[in-house]
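Here is input28.txt, consisting of compact mmCIF, C-alpha atoms and all ligand atoms:
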# COMPACT_ATOMS: atom_id res chain seq x y z
CA MET A 16 47.70 -100.60 -115.13
CA LYS A 17 48.61 -96.96 -114.58
CA LYS A 18 52.31 -96.10 -114.44
CA LYS A 19 53.57 -95.09 -111.03
CA ILE A 20 54.94 -91.74 -109.94
CA LEU A 21 56.81 -91.07 -106.73
CA THR A 22 58.08 -87.87 -105.17
CA GLY A 23 58.65 -86.54 -101.73
CA ASP A 24 59.58 -83.58 -99.58
CA ARG A 25 61.48 -83.35 -96.34
CA PRO A 26 59.09 -82.01 -93.72
CA THR A 27 61.41 -79.50 -92.10
CA GLY A 28 59.17 -76.48 -92.66
CA LYS A 29 56.13 -75.43 -94.59
CA LEU A 30 56.26 -75.72 -98.37
CA HIS A 31 56.85 -72.54 -100.36
CA LEU A 32 56.53 -71.05 -103.82
CA GLY A 33 59.76 -72.77 -104.91
CA HIS A 34 58.13 -76.15 -104.27
CA TYR A 35 54.94 -75.02 -105.99
CA ILE A 36 56.56 -73.96 -109.23
CA GLY A 37 59.28 -76.64 -109.15
CA SER A 38 57.22 -79.78 -108.70
CA LEU A 39 53.86 -79.40 -106.96
CA GLN A 40 52.13 -78.04 -110.07
CA ASN A 41 53.34 -81.04 -112.06
CA ARG A 42 52.12 -83.40 -109.36
CA ILE A 43 48.66 -81.83 -109.47
CA LYS A 44 48.60 -82.14 -113.24
CA LEU A 45 49.80 -85.75 -113.34
CA GLN A 46 47.75 -87.21 -110.50
CA SER A 47 44.71 -88.08 -112.63
CA THR A 48 46.62 -90.01 -115.30
CA TYR A 49 49.17 -91.80 -113.11
CA ASP A 50 49.21 -93.75 -109.88
CA GLN A 51 50.96 -91.15 -107.75
CA TYR A 52 52.67 -91.59 -104.38
CA ILE A 53 54.03 -88.69 -102.34
CA LEU A 54 56.38 -89.39 -99.47
CA VAL A 55 56.46 -87.11 -96.49
CA ALA A 56 60.16 -87.83 -96.13
CA ASP A 57 60.60 -87.66 -92.37
CA LEU A 58 63.36 -90.28 -92.40
CA GLN A 59 65.36 -88.29 -94.92
CA ALA A 60 64.73 -85.08 -92.96
CA LEU A 61 66.27 -86.73 -89.91
CA THR A 62 69.57 -87.06 -91.78
CA ASP A 63 70.12 -83.33 -91.28
CA HIS A 64 67.79 -82.81 -88.28
CA PHE A 65 68.67 -85.83 -86.12
CA ASP A 66 69.40 -83.48 -83.23
CA HIS A 67 66.07 -81.63 -83.60
CA PRO A 68 63.63 -84.45 -84.38
CA GLU A 69 60.65 -82.40 -83.19
CA LYS A 70 61.17 -80.03 -86.10
CA VAL A 71 60.54 -82.98 -88.40
CA THR A 72 57.73 -84.69 -86.52
CA GLN A 73 55.80 -81.44 -86.05
CA ASN A 74 55.94 -80.60 -89.73
CA ILE A 75 54.49 -83.85 -91.10
CA ILE A 76 50.93 -82.62 -90.64
CA GLU A 77 51.83 -79.12 -91.88
CA VAL A 78 53.33 -80.40 -95.13
CA THR A 79 50.38 -82.73 -95.67
CA LYS A 80 48.07 -79.75 -95.23
CA ASP A 81 50.15 -77.91 -97.84
CA TYR A 82 49.58 -80.78 -100.29
CA LEU A 83 45.86 -80.92 -99.68
CA SER A 84 45.42 -77.15 -99.83
CA ILE A 85 47.07 -76.80 -103.24
CA GLY A 86 44.92 -79.51 -104.80
CA ILE A 87 46.63 -82.83 -104.22
CA ASP A 88 43.61 -85.12 -104.14
CA PRO A 89 43.88 -87.99 -101.64
CA ASP A 90 41.54 -90.06 -103.81
CA GLN A 91 44.09 -89.90 -106.63
CA THR A 92 47.38 -89.51 -104.80
CA THR A 93 48.64 -91.73 -102.00
CA ILE A 94 50.34 -89.65 -99.30
CA VAL A 95 52.79 -91.74 -97.26
CA VAL A 96 54.74 -91.22 -94.05
CA GLN A 97 58.20 -92.48 -95.02
CA SER A 98 59.32 -93.69 -91.60
CA GLN A 99 56.33 -96.03 -91.37
CA ILE A 100 57.57 -98.09 -94.31
CA PRO A 101 60.49 -100.13 -92.90
CA GLU A 102 61.13 -101.77 -96.29
CA ILE A 103 62.75 -98.49 -97.36
CA ALA A 104 65.43 -98.97 -94.71
CA GLU A 105 65.93 -102.61 -95.71
CA LEU A 106 66.27 -101.77 -99.39
CA THR A 107 68.72 -98.98 -98.55
CA VAL A 108 71.00 -101.51 -96.86
CA TYR A 109 71.04 -103.72 -99.98
CA TYR A 110 71.72 -100.71 -102.20
CA LEU A 111 74.57 -99.38 -100.06
CA ASN A 112 76.62 -102.35 -101.29
CA LEU A 113 76.13 -101.26 -104.89
CA VAL A 114 77.44 -97.72 -104.50
CA THR A 115 80.98 -96.44 -104.00
CA LEU A 116 82.07 -93.59 -101.77
CA GLY A 117 83.48 -91.95 -104.88
CA GLN A 118 80.06 -91.90 -106.51
CA LEU A 119 78.45 -90.43 -103.40
CA ASN A 120 81.20 -87.83 -103.19
CA ARG A 121 80.50 -86.59 -106.70
CA ASN A 122 76.83 -85.76 -106.05
CA PRO A 123 76.65 -81.96 -106.61
CA THR A 124 73.46 -81.43 -104.57
CA VAL A 125 74.86 -83.25 -101.54
CA LYS A 126 78.15 -81.35 -101.97
CA TYR A 127 76.30 -78.04 -101.95
CA GLU A 128 74.27 -79.00 -98.88
CA ILE A 129 77.36 -80.17 -96.99
CA GLN A 130 78.90 -76.77 -97.57
CA GLN A 131 75.68 -74.92 -96.71
CA LYS A 132 75.22 -76.83 -93.47
CA GLY A 133 78.87 -76.47 -92.48
CA TYR A 134 79.39 -80.24 -92.35
CA SER A 135 82.67 -80.22 -94.27
CA LYS A 136 84.81 -81.43 -91.34
CA SER A 137 82.53 -84.18 -90.08
CA ILE A 138 79.84 -85.34 -92.44
CA PRO A 139 77.17 -87.57 -90.85
CA ALA A 140 77.21 -90.84 -92.81
CA GLY A 141 73.41 -90.95 -92.91
CA PHE A 142 73.34 -87.58 -94.61
CA PHE A 143 76.11 -88.49 -97.05
CA CYS A 144 74.18 -91.59 -98.07
CA TYR A 145 70.68 -90.11 -98.38
CA PRO A 146 70.73 -90.37 -102.19
CA VAL A 147 70.88 -94.15 -101.69
CA SER A 148 67.79 -94.18 -99.50
CA GLN A 149 66.12 -91.93 -102.05
CA ALA A 150 66.85 -94.60 -104.68
CA ALA A 151 65.13 -97.03 -102.31
CA ASP A 152 62.12 -94.67 -102.06
CA ILE A 153 61.74 -94.47 -105.81
CA THR A 154 62.29 -98.11 -106.68
CA LEU A 155 60.35 -99.61 -103.77
CA PHE A 156 57.28 -97.90 -105.22
CA GLN A 157 58.26 -98.97 -108.77
CA ALA A 158 58.07 -95.39 -109.95
CA GLU A 159 58.79 -94.57 -113.58
CA LEU A 160 58.34 -90.81 -113.26
CA VAL A 161 59.62 -88.45 -110.58
CA PRO A 162 58.37 -84.81 -110.72
CA VAL A 163 61.07 -82.75 -108.98
CA GLY A 164 63.11 -79.57 -109.13
CA ASP A 165 66.39 -79.79 -111.04
CA ASP A 166 68.44 -80.03 -107.82
CA GLN A 167 67.13 -83.60 -107.61
CA LEU A 168 68.53 -84.72 -110.99
CA PRO A 169 71.68 -86.21 -109.42
CA MET A 170 69.41 -88.40 -107.23
CA ILE A 171 67.60 -89.73 -110.29
CA GLU A 172 70.89 -90.48 -111.99
CA GLN A 173 72.14 -92.27 -108.88
CA THR A 174 68.91 -94.27 -108.71
CA ASN A 175 69.27 -95.42 -112.30
CA GLU A 176 72.90 -96.44 -111.74
CA ILE A 177 71.81 -98.57 -108.80
CA VAL A 178 68.96 -100.09 -110.82
CA ARG A 179 71.31 -101.11 -113.62
CA ARG A 180 73.87 -102.52 -111.22
CA PHE A 181 71.26 -104.44 -109.22
CA ASN A 182 69.66 -105.95 -112.31
CA LYS A 183 73.06 -106.93 -113.72
CA ILE A 184 74.52 -108.43 -110.54
CA TYR A 185 71.41 -110.38 -109.59
CA HIS A 186 70.50 -111.34 -113.18
CA THR A 187 67.04 -109.84 -113.04
CA ASN A 188 64.92 -107.08 -114.50
CA ILE A 189 62.63 -106.42 -111.57
CA LEU A 190 63.87 -102.88 -111.02
CA LYS A 191 62.84 -100.16 -113.45
CA GLU A 192 64.76 -97.03 -114.38
CA CYS A 193 62.96 -93.74 -113.78
CA LYS A 194 62.76 -90.33 -115.42
CA ALA A 195 62.54 -86.87 -113.88
CA VAL A 196 59.64 -84.59 -114.81
CA LEU A 197 60.92 -81.02 -114.68
CA SER A 198 58.91 -77.82 -114.80
CA LYS A 199 59.74 -74.71 -116.80
CA THR A 200 60.95 -72.95 -113.67
CA SER A 201 62.49 -75.79 -111.80
CA ARG A 202 64.57 -73.60 -109.47
CA LEU A 203 63.10 -70.42 -108.01
CA VAL A 204 65.43 -67.73 -106.67
CA GLY A 205 64.83 -66.44 -103.12
CA ILE A 206 63.58 -62.91 -102.40
CA ASP A 207 67.19 -61.85 -101.71
CA GLY A 208 68.15 -62.73 -105.30
CA LYS A 209 71.22 -64.57 -104.02
CA SER A 210 70.32 -68.20 -103.79
CA LYS A 211 67.60 -70.74 -104.29
CA SER A 212 64.36 -70.04 -102.43
CA SER A 213 64.62 -72.08 -99.24
CA LYS A 214 62.91 -72.19 -95.90
CA SER A 215 66.19 -72.55 -94.00
CA LEU A 216 67.65 -69.44 -95.64
CA GLY A 217 64.56 -67.42 -94.70
CA ASN A 218 64.19 -66.13 -98.27
CA ALA A 219 61.07 -68.02 -99.32
CA ILE A 220 57.37 -67.18 -99.46
CA ALA A 221 55.46 -70.03 -97.82
CA LEU A 222 52.21 -71.25 -99.37
CA SER A 223 50.57 -70.57 -96.00
CA ASP A 224 52.06 -67.12 -95.33
CA PRO A 225 49.40 -64.59 -94.24
CA PRO A 226 48.66 -61.61 -96.56
CA ASP A 227 50.78 -59.09 -94.61
CA VAL A 228 53.81 -61.41 -94.61
CA ILE A 229 53.49 -61.97 -98.37
CA LYS A 230 53.35 -58.22 -98.91
CA LYS A 231 56.33 -57.58 -96.63
CA LYS A 232 58.41 -60.19 -98.47
CA VAL A 233 57.47 -58.78 -101.87
CA PHE A 234 58.53 -55.32 -100.74
CA GLN A 235 61.87 -56.73 -99.49
CA MET A 236 62.64 -58.27 -102.88
CA TYR A 237 65.93 -57.51 -104.55
CA THR A 238 65.41 -55.46 -107.72
CA ASP A 239 68.01 -53.41 -109.62
CA PRO A 240 70.31 -51.53 -107.22
CA ASP A 241 71.08 -48.95 -109.97
CA HIS A 242 67.40 -48.19 -110.53
CA ILE A 243 67.20 -45.34 -108.06
CA LYS A 244 64.58 -42.97 -109.45
CA ALA A 245 61.46 -44.26 -111.16
CA SER A 246 62.53 -42.38 -114.29
CA ASP A 247 65.84 -44.32 -114.52
CA PRO A 248 66.05 -47.20 -116.99
CA GLY A 249 66.03 -50.43 -115.00
CA ARG A 250 67.36 -53.97 -115.38
CA VAL A 251 64.94 -56.87 -115.62
CA GLU A 252 67.52 -59.69 -115.61
CA GLY A 253 68.35 -60.75 -112.05
CA ASN A 254 65.49 -58.58 -110.79
CA VAL A 255 63.57 -60.86 -108.45
CA VAL A 256 60.24 -59.07 -108.92
CA PHE A 257 60.32 -59.87 -112.64
CA THR A 258 61.47 -63.43 -112.01
CA TYR A 259 58.37 -63.93 -109.85
CA LEU A 260 56.12 -62.10 -112.33
CA ASP A 261 57.39 -64.49 -115.02
CA ALA A 262 56.64 -67.46 -112.81
CA PHE A 263 53.33 -66.46 -111.22
CA HIS A 264 51.52 -63.65 -113.09
CA SER A 265 48.53 -64.92 -115.01
CA ASP A 266 48.98 -62.53 -117.97
CA GLN A 267 52.42 -62.92 -119.53
CA GLU A 268 51.71 -60.29 -122.22
CA ALA A 269 51.17 -57.74 -119.48
CA VAL A 270 54.48 -58.84 -117.94
CA ALA A 271 56.25 -58.31 -121.27
CA ASP A 272 54.83 -54.74 -121.43
CA LEU A 273 55.95 -54.05 -117.87
CA LYS A 274 59.46 -55.26 -118.68
CA ALA A 275 59.72 -52.98 -121.71
CA HIS A 276 58.48 -50.03 -119.67
CA TYR A 277 60.89 -50.78 -116.81
CA ARG A 278 63.84 -51.03 -119.22
CA ARG A 279 62.93 -47.68 -120.84
CA GLY A 280 62.54 -45.96 -117.48
CA GLY A 281 59.49 -44.41 -115.91
CA LEU A 282 58.27 -47.42 -113.98
CA GLY A 283 58.98 -47.43 -110.25
CA ASP A 284 59.74 -50.44 -108.05
CA VAL A 285 56.72 -49.73 -105.86
CA VAL A 286 54.41 -50.11 -108.85
CA ILE A 287 55.82 -53.47 -109.96
CA LYS A 288 55.90 -54.73 -106.37
CA ASN A 289 52.24 -53.86 -105.95
CA ILE A 290 51.40 -55.73 -109.15
CA LEU A 291 53.32 -58.79 -107.98
CA ASN A 292 51.76 -58.59 -104.53
CA ASP A 293 48.28 -58.57 -106.11
CA SER A 294 48.97 -61.62 -108.23
CA LEU A 295 50.54 -63.59 -105.35
CA GLN A 296 47.61 -62.71 -103.07
CA ARG A 297 45.23 -63.95 -105.79
CA LEU A 298 47.17 -67.20 -106.10
CA LEU A 299 47.72 -67.88 -102.40
CA GLY A 300 44.42 -66.59 -100.96
CA PRO A 301 42.31 -69.61 -101.99
CA ILE A 302 45.13 -72.00 -100.99
CA ARG A 303 45.23 -70.48 -97.50
CA ALA A 304 41.44 -70.62 -97.22
CA LYS A 305 41.42 -74.31 -98.17
CA ARG A 306 44.16 -74.96 -95.62
CA ASP A 307 42.20 -73.24 -92.85
CA SER A 308 39.20 -75.44 -93.60
CA LEU A 309 41.16 -78.69 -93.13
CA ASP A 310 40.46 -80.70 -90.04
CA THR A 311 43.62 -82.12 -88.44
CA ASN A 312 41.99 -85.44 -87.59
CA MET A 313 40.93 -85.87 -91.20
CA VAL A 314 44.51 -85.12 -92.30
CA LYS A 315 45.79 -87.82 -89.94
CA GLU A 316 43.29 -90.27 -91.39
CA ILE A 317 44.48 -89.50 -94.91
CA LEU A 318 48.06 -90.22 -93.83
CA HIS A 319 47.02 -93.40 -92.12
CA TYR A 320 45.12 -94.64 -95.14
CA GLY A 321 47.87 -93.67 -97.61
CA THR A 322 50.60 -95.28 -95.56
CA ALA A 323 48.63 -98.52 -95.20
CA LYS A 324 48.06 -98.68 -98.96
CA ALA A 325 51.74 -97.98 -99.64
CA ALA A 326 52.79 -100.70 -97.21
CA GLN A 327 51.22 -103.36 -99.45
CA LEU A 328 53.17 -102.25 -102.50
CA ALA A 329 56.35 -102.01 -100.39
CA LYS A 330 55.87 -105.58 -99.22
CA ALA A 331 55.37 -106.89 -102.75
CA THR A 332 58.51 -105.17 -104.05
CA ILE A 333 60.74 -106.19 -101.16
CA GLU A 334 59.72 -109.82 -101.62
CA MET A 335 60.84 -109.69 -105.25
CA VAL A 336 64.10 -108.04 -104.20
CA ARG A 337 64.84 -110.65 -101.54
CA GLU A 338 64.10 -113.39 -104.01
CA ALA A 339 66.38 -111.85 -106.63
CA ILE A 340 69.26 -111.66 -104.15
CA GLY A 341 68.44 -115.11 -102.77
CA ILE A 342 67.66 -114.01 -99.24
CA GLN A 343 65.39 -116.50 -97.50
CA SER A 344 64.03 -117.49 -94.14
CA PHE A 345 64.65 -120.92 -92.64
N1 LIG B 1 65.29 -85.17 -101.60
C1 LIG B 1 64.01 -84.56 -101.71
C2 LIG B 1 64.10 -83.13 -101.15
O1 LIG B 1 65.04 -82.80 -100.50
C3 LIG B 1 62.91 -85.28 -100.95
C4 LIG B 1 62.71 -86.71 -101.37
C5 LIG B 1 62.80 -87.81 -100.56
C6 LIG B 1 62.35 -87.20 -102.66
N2 LIG B 1 62.55 -88.94 -101.24
C7 LIG B 1 62.26 -88.61 -102.54
C8 LIG B 1 62.11 -86.60 -103.91
C9 LIG B 1 61.95 -89.41 -103.63
C10 LIG B 1 61.80 -87.41 -105.00
C11 LIG B 1 61.73 -88.81 -104.85
O2 LIG B 1 63.22 -82.34 -101.35
Please go through the file and, once you have read it, give me the structure as structure tokens.
Amino acid sequence: MKKKILTGDRPTGKLHLGHYIGSLQNRIKLQSTYDQYILVADLQALTDHFDHPEKVTQNIIEVTKDYLSIGIDPDQTTIVVQSQIPEIAELTVYYLNLVTLGQLNRNPTVKYEIQQKGYSKSIPAGFFCYPVSQAADITLFQAELVPVGDDQLPMIEQTNEIVRRFNKIYHTNILKECKAVLSKTSRLVGIDGKSKSSKSLGNAIALSDPPDVIKKKVFQMYTDPDHIKASDPGRVEGNVVFTYLDAFHSDQEAVADLKAHYRRGGLGDVVIKNILNDSLQRLLGPIRAKRDSLDTNMVKEILHYGTAKAAQLAKATIEMVREAIGIQSF
């Protein structure tokens, strides 16, 4: 039997280049050798969008279209709507007993998000505990591999702590530990050069952005503020255009030559931005065309089918879990 993979994304906006380079490429690569599940994590998205649920519900189809347009194949990958699998919620309740507030408090990704969202004075408990429901996501689908960006490493660690504790307390080995699959560029900087590329910060290039928007964003990219005239020597480190050329240009030797030229002086920002724009248009053009060809009813059918398939696995796992704990009906 093929080993299982599980990942997911919160559907709070369209997916962007950060997702592509961080985990989507790995998911495309791995889907033929593994039994892959992808969760459209609407339940998790509600933990920070409970007051704007429409932002989540409206994006489920959009994110699924992103998956299909980049080459996630529904015959190989099962795409699942998280909220339609109630066993995730049940498993989360069991797991909450196995985790301390101290452990949750130490999670660096959650800490960063709490600060970013301005929650520091009153943190919604659902949000604070989402790493526990993520552990339920992963283990309910018996996943051994999780292709994610490196911001998700604390979630994997938390999952494995829960797995060990569960197996020890209930004298079982039904739960399996999992491993992250990271990409070379597992965290892409935003076009502002300040923080991680993210939809909510408005500094990301979406996979579905139209050509003029891509170009505009490339031309807004942070470069080297001391590189004023084209003849000046310029800095490549921290220069977002070069970060993106490293990540997305198809000819890395050409990128090395451009870097040397830029460092020496004599290469203007407009030239490198045009080169980057060309390579991003080449990458994203076919993805956008595929997306435009997708029929929304077909996308809904794919979700329906994937969720129904996932429900069977969820049922099998939760039965083992209930049995291990000793929960029974009368
Ligand atoms: N936390 C992930 C994110 O914010 C989304 C996610 C939900 C996920 N469940 C998951 C990722 C399970 C990996 C495995 O993008």
**Request:** Place a sphere of radius 12 Å on (52.0, -52.7, -109.1) in the file coordinates and name every protein, DNA or RNA residue with an atom inside or on its surface, counting all atoms listed in the file; give the answer as a list of chain:residue names.
**Result:**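 Protein, DNA and RNA residues close to (52.0, -52.7, -109.1): A:Lys230, A:Val233, A:Phe234, A:Val256, A:Phe257, A:Leu260, A:His264, A:Ala269, A:Val270, A:Leu273, A:Tyr277, A:Leu282, A:Gly283, A:Asp284, A:Val285, A:Val286, A:Ile287, A:Lys288, A:Asn289, A:Ile290, A:Leu291, A:Asn292, A:Asp293, A:Ser294, A:Leu295.
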Selected residues written out with C-alpha atoms, as an mmCIF file, in the frame of the given file:
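The result, stored in selection-v6.cif:
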data_model
loop_
_atom_site.group_PDB
_atom_site.id
_atom_site.type_symbol
_atom_site.label_atom_id
_atom_site.label_comp_id
_atom_site.auth_asym_id
_atom_site.auth_seq_id
_atom_site.Cartn_x
_atom_site.Cartn_y
_atom_site.Cartn_z
ATOM 1 C CA LYS A 230 53.350 -58.220 -98.910
ATOM 2 C CA VAL A 233 57.470 -58.780 -101.870
ATOM 3 C CA PHE A 234 58.530 -55.320 -100.740
ATOM 4 C CA VAL A 256 60.240 -59.070 -108.920
ATOM 5 C CA PHE A 257 60.320 -59.870 -112.640
ATOM 6 C CA LEU A 260 56.120 -62.100 -112.330
ATOM 7 C CA HIS A 264 51.520 -63.650 -113.090
ATOM 8 C CA ALA A 269 51.170 -57.740 -119.480
ATOM 9 C CA VAL A 270 54.480 -58.840 -117.940
ATOM 10 C CA LEU A 273 55.950 -54.050 -117.870
ATOM 11 C CA TYR A 277 60.890 -50.780 -116.810
ATOM 12 C CA LEU A 282 58.270 -47.420 -113.980
ATOM 13 C CA GLY A 283 58.980 -47.430 -110.250
ATOM 14 C CA ASP A 284 59.740 -50.440 -108.050
ATOM 15 C CA VAL A 285 56.720 -49.730 -105.860
ATOM 16 C CA VAL A 286 54.410 -50.110 -108.850
ATOM 17 C CA ILE A 287 55.820 -53.470 -109.960
ATOM 18 C CA LYS A 288 55.900 -54.730 -106.370
ATOM 19 C CA ASN A 289 52.240 -53.860 -105.950
ATOM 20 C CA ILE A 290 51.400 -55.730 -109.150
ATOM 21 C CA LEU A 291 53.320 -58.790 -107.980
ATOM 22 C CA ASN A 292 51.760 -58.590 -104.530
ATOM 23 C CA ASP A 293 48.280 -58.570 -106.110
ATOM 24 C CA SER A 294 48.970 -61.620 -108.230
ATOM 25 C CA LEU A 295 50.540 -63.590 -105.350
#
**Request:** Produce as a ChimeraX atom specification the set of residues near ligand LIG 1 (chain B), where near means within 10 Å with only C-alpha atoms and all ligand atoms considered.
**Result:** /A:20-27,34,38,52-60,97,124-125,145-154,156,158,160-164,166-168,170-171,174,195
Can you write just those residues out, C-alpha atoms, as a PDB file, in the coordinates of the input?
ATOM      1  CA  ILE A  20      54.940 -91.740-109.940  1.00  0.00           C
ATOM      2  CA  LEU A  21      56.810 -91.070-106.730  1.00  0.00           C
ATOM      3  CA  THR A  22      58.080 -87.870-105.170  1.00  0.00           C
ATOM      4  CA  GLY A  23      58.650 -86.540-101.730  1.00  0.00           C
ATOM      5  CA  ASP A  24      59.580 -83.580 -99.580  1.00  0.00           C
ATOM      6  CA  ARG A  25      61.480 -83.350 -96.340  1.00  0.00           C
ATOM      7  CA  PRO A  26      59.090 -82.010 -93.720  1.00  0.00           C
ATOM      8  CA  THR A  27      61.410 -79.500 -92.100  1.00  0.00           C
ATOM      9  CA  HIS A  34      58.130 -76.150-104.270  1.00  0.00           C
ATOM     10  CA  SER A  38      57.220 -79.780-108.700  1.00  0.00           C
ATOM     11  CA  TYR A  52      52.670 -91.590-104.380  1.00  0.00           C
ATOM     12  CA  ILE A  53      54.030 -88.690-102.340  1.00  0.00           C
ATOM     13  CA  LEU A  54      56.380 -89.390 -99.470  1.00  0.00           C
ATOM     14  CA  VAL A  55      56.460 -87.110 -96.490  1.00  0.00           C
ATOM     15  CA  ALA A  56      60.160 -87.830 -96.130  1.00  0.00           C
ATOM     16  CA  ASP A  57      60.600 -87.660 -92.370  1.00  0.00           C
ATOM     17  CA  LEU A  58      63.360 -90.280 -92.400  1.00  0.00           C
ATOM     18  CA  GLN A  59      65.360 -88.290 -94.920  1.00  0.00           C
ATOM     19  CA  ALA A  60      64.730 -85.080 -92.960  1.00  0.00           C
ATOM     20  CA  GLN A  97      58.200 -92.480 -95.020  1.00  0.00           C
ATOM     21  CA  THR A 124      73.460 -81.430-104.570  1.00  0.00           C
ATOM     22  CA  VAL A 125      74.860 -83.250-101.540  1.00  0.00           C
ATOM     23  CA  TYR A 145      70.680 -90.110 -98.380  1.00  0.00           C
ATOM     24  CA  PRO A 146      70.730 -90.370-102.190  1.00  0.00           C
ATOM     25  CA  VAL A 147      70.880 -94.150-101.690  1.00  0.00           C
ATOM     26  CA  SER A 148      67.790 -94.180 -99.500  1.00  0.00           C
ATOM     27  CA  GLN A 149      66.120 -91.930-102.050  1.00  0.00           C
ATOM     28  CA  ALA A 150      66.850 -94.600-104.680  1.00  0.00           C
ATOM     29  CA  ALA A 151      65.130 -97.030-102.310  1.00  0.00           C
ATOM     30  CA  ASP A 152      62.120 -94.670-102.060  1.00  0.00           C
ATOM     31  CA  ILE A 153      61.740 -94.470-105.810  1.00  0.00           C
ATOM     32  CA  THR A 154      62.290 -98.110-106.680  1.00  0.00           C
ATOM     33  CA  PHE A 156      57.280 -97.900-105.220  1.00  0.00           C
ATOM     34  CA  ALA A 158      58.070 -95.390-109.950  1.00  0.00           C
ATOM     35  CA  LEU A 160      58.340 -90.810-113.260  1.00  0.00           C
ATOM     36  CA  VAL A 161      59.620 -88.450-110.580  1.00  0.00           C
ATOM     37  CA  PRO A 162      58.370 -84.810-110.720  1.00  0.00           C
ATOM     38  CA  VAL A 163      61.070 -82.750-108.980  1.00  0.00           C
ATOM     39  CA  GLY A 164      63.110 -79.570-109.130  1.00  0.00           C
ATOM     40  CA  ASP A 166      68.440 -80.030-107.820  1.00  0.00           C
ATOM     41  CA  GLN A 167      67.130 -83.600-107.610  1.00  0.00           C
ATOM     42  CA  LEU A 168      68.530 -84.720-110.990  1.00  0.00           C
ATOM     43  CA  MET A 170      69.410 -88.400-107.230  1.00  0.00           C
ATOM     44  CA  ILE A 171      67.600 -89.730-110.290  1.00  0.00           C
ATOM     45  CA  THR A 174      68.910 -94.270-108.710  1.00  0.00           C
ATOM     46  CA  ALA A 195      62.540 -86.870-113.880  1.00  0.00           C
TER      47      ALA A 195
END
**Fill in**
Expressed in Å, the length from atom CA of A:Glu159 to atom CA of A:Gln173 is 14.3 Å
**Request:** Within 12 Å of A:Ala339, counting all atoms listed in the file, which residues show up once you throw out same-chain ones fewer than 6 positions away? Write them as a count of residues only, please.
**Result:** 13
**Asked** With all atoms listed in the file as the atoms that count, which of A:Lys232, A:Arg180, A:Thr322, A:Leu106 lies nearest to A:Arg337?
**Response**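 Answer, going by the shortest atom-to-atom distance: A:Leu106.
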Protein, DNA and RNA residues within 10 Å of (62.7, -65.0, -107.3), all atoms listed in the file, as a short mmCIF file (atom, residue, chain, number, x, y, z; two decimals) with C-alpha atoms, in the coordinates of the input:
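And here's part.cif as it stands now:
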data_model
loop_
_atom_site.label_atom_id
_atom_site.label_comp_id
_atom_site.auth_asym_id
_atom_site.auth_seq_id
_atom_site.Cartn_x
_atom_site.Cartn_y
_atom_site.Cartn_z
CA LEU A 32 56.53 -71.05 -103.82
CA GLY A 33 59.76 -72.77 -104.91
CA ARG A 202 64.57 -73.60 -109.47
CA LEU A 203 63.10 -70.42 -108.01
CA VAL A 204 65.43 -67.73 -106.67
CA GLY A 205 64.83 -66.44 -103.12
CA ILE A 206 63.58 -62.91 -102.40
CA ASP A 207 67.19 -61.85 -101.71
CA GLY A 208 68.15 -62.73 -105.30
CA LYS A 209 71.22 -64.57 -104.02
CA SER A 210 70.32 -68.20 -103.79
CA LYS A 211 67.60 -70.74 -104.29
CA SER A 212 64.36 -70.04 -102.43
CA ASN A 218 64.19 -66.13 -98.27
CA ALA A 219 61.07 -68.02 -99.32
CA ILE A 220 57.37 -67.18 -99.46
CA VAL A 233 57.47 -58.78 -101.87
CA MET A 236 62.64 -58.27 -102.88
CA TYR A 237 65.93 -57.51 -104.55
CA THR A 238 65.41 -55.46 -107.72
CA GLY A 253 68.35 -60.75 -112.05
CA ASN A 254 65.49 -58.58 -110.79
CA VAL A 255 63.57 -60.86 -108.45
CA VAL A 256 60.24 -59.07 -108.92
CA PHE A 257 60.32 -59.87 -112.64
CA THR A 258 61.47 -63.43 -112.01
CA TYR A 259 58.37 -63.93 -109.85
CA LEU A 260 56.12 -62.10 -112.33
CA ASP A 261 57.39 -64.49 -115.02
CA ALA A 262 56.64 -67.46 -112.81
#
**Request:** Enter the distance from atom CA of A:Arg179 to atom CA of A:Leu39, in Å, rounded to one decimal.
**Result:** 28.6 Å
**Request:** State, in Å with one decimal place, the distance from atom CA of A:Ala331 to atom CA of A:Thr72.
**Result:**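 Between atom CA of A:Ala331 and atom CA of A:Thr72 the gap works out to 27.6 Å.
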**Message:** Measuring between only C-alpha atoms, which one of A:Ser137, A:Ser265, A:Thr200, A:Thr79 shows the shortest distance to A:Val96?
**Reply:**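 Looking only at the distances to A:Val96, the closest residue turns out to be A:Thr79.
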**Message:** So, with all atoms listed in the file as the atoms that count, which of A:Ile340, A:His319, A:Gln327, A:Lys136 lies closest to A:Tyr110?
**Reply:**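 For A:Tyr110, the nearest of the given residues is A:Ile340.
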**Among the residues A:Ala329, A:Ala140, A:Leu113, A:Ile317, the one that comes closest to A:Pro89 [using only C-alpha atoms]** = A:Ile317
**Prompt:** Of the candidates A:Leu30, A:Ile94, A:Cys193, A:Leu155, which shows the shortest atom-to-atom distance to A:Met335, using all atoms listed in the file?
**Reply:**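 Among the listed residues, the smallest separation from A:Met335 belongs to A:Leu155.
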**Prompt:** Taking all atoms listed in the file into account, which of A:Lys17, A:Phe143, A:Phe345, A:Lys29 comes nearest A:Gln51?
**Reply:**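 Of all the options, A:Lys17 lies closest to A:Gln51.
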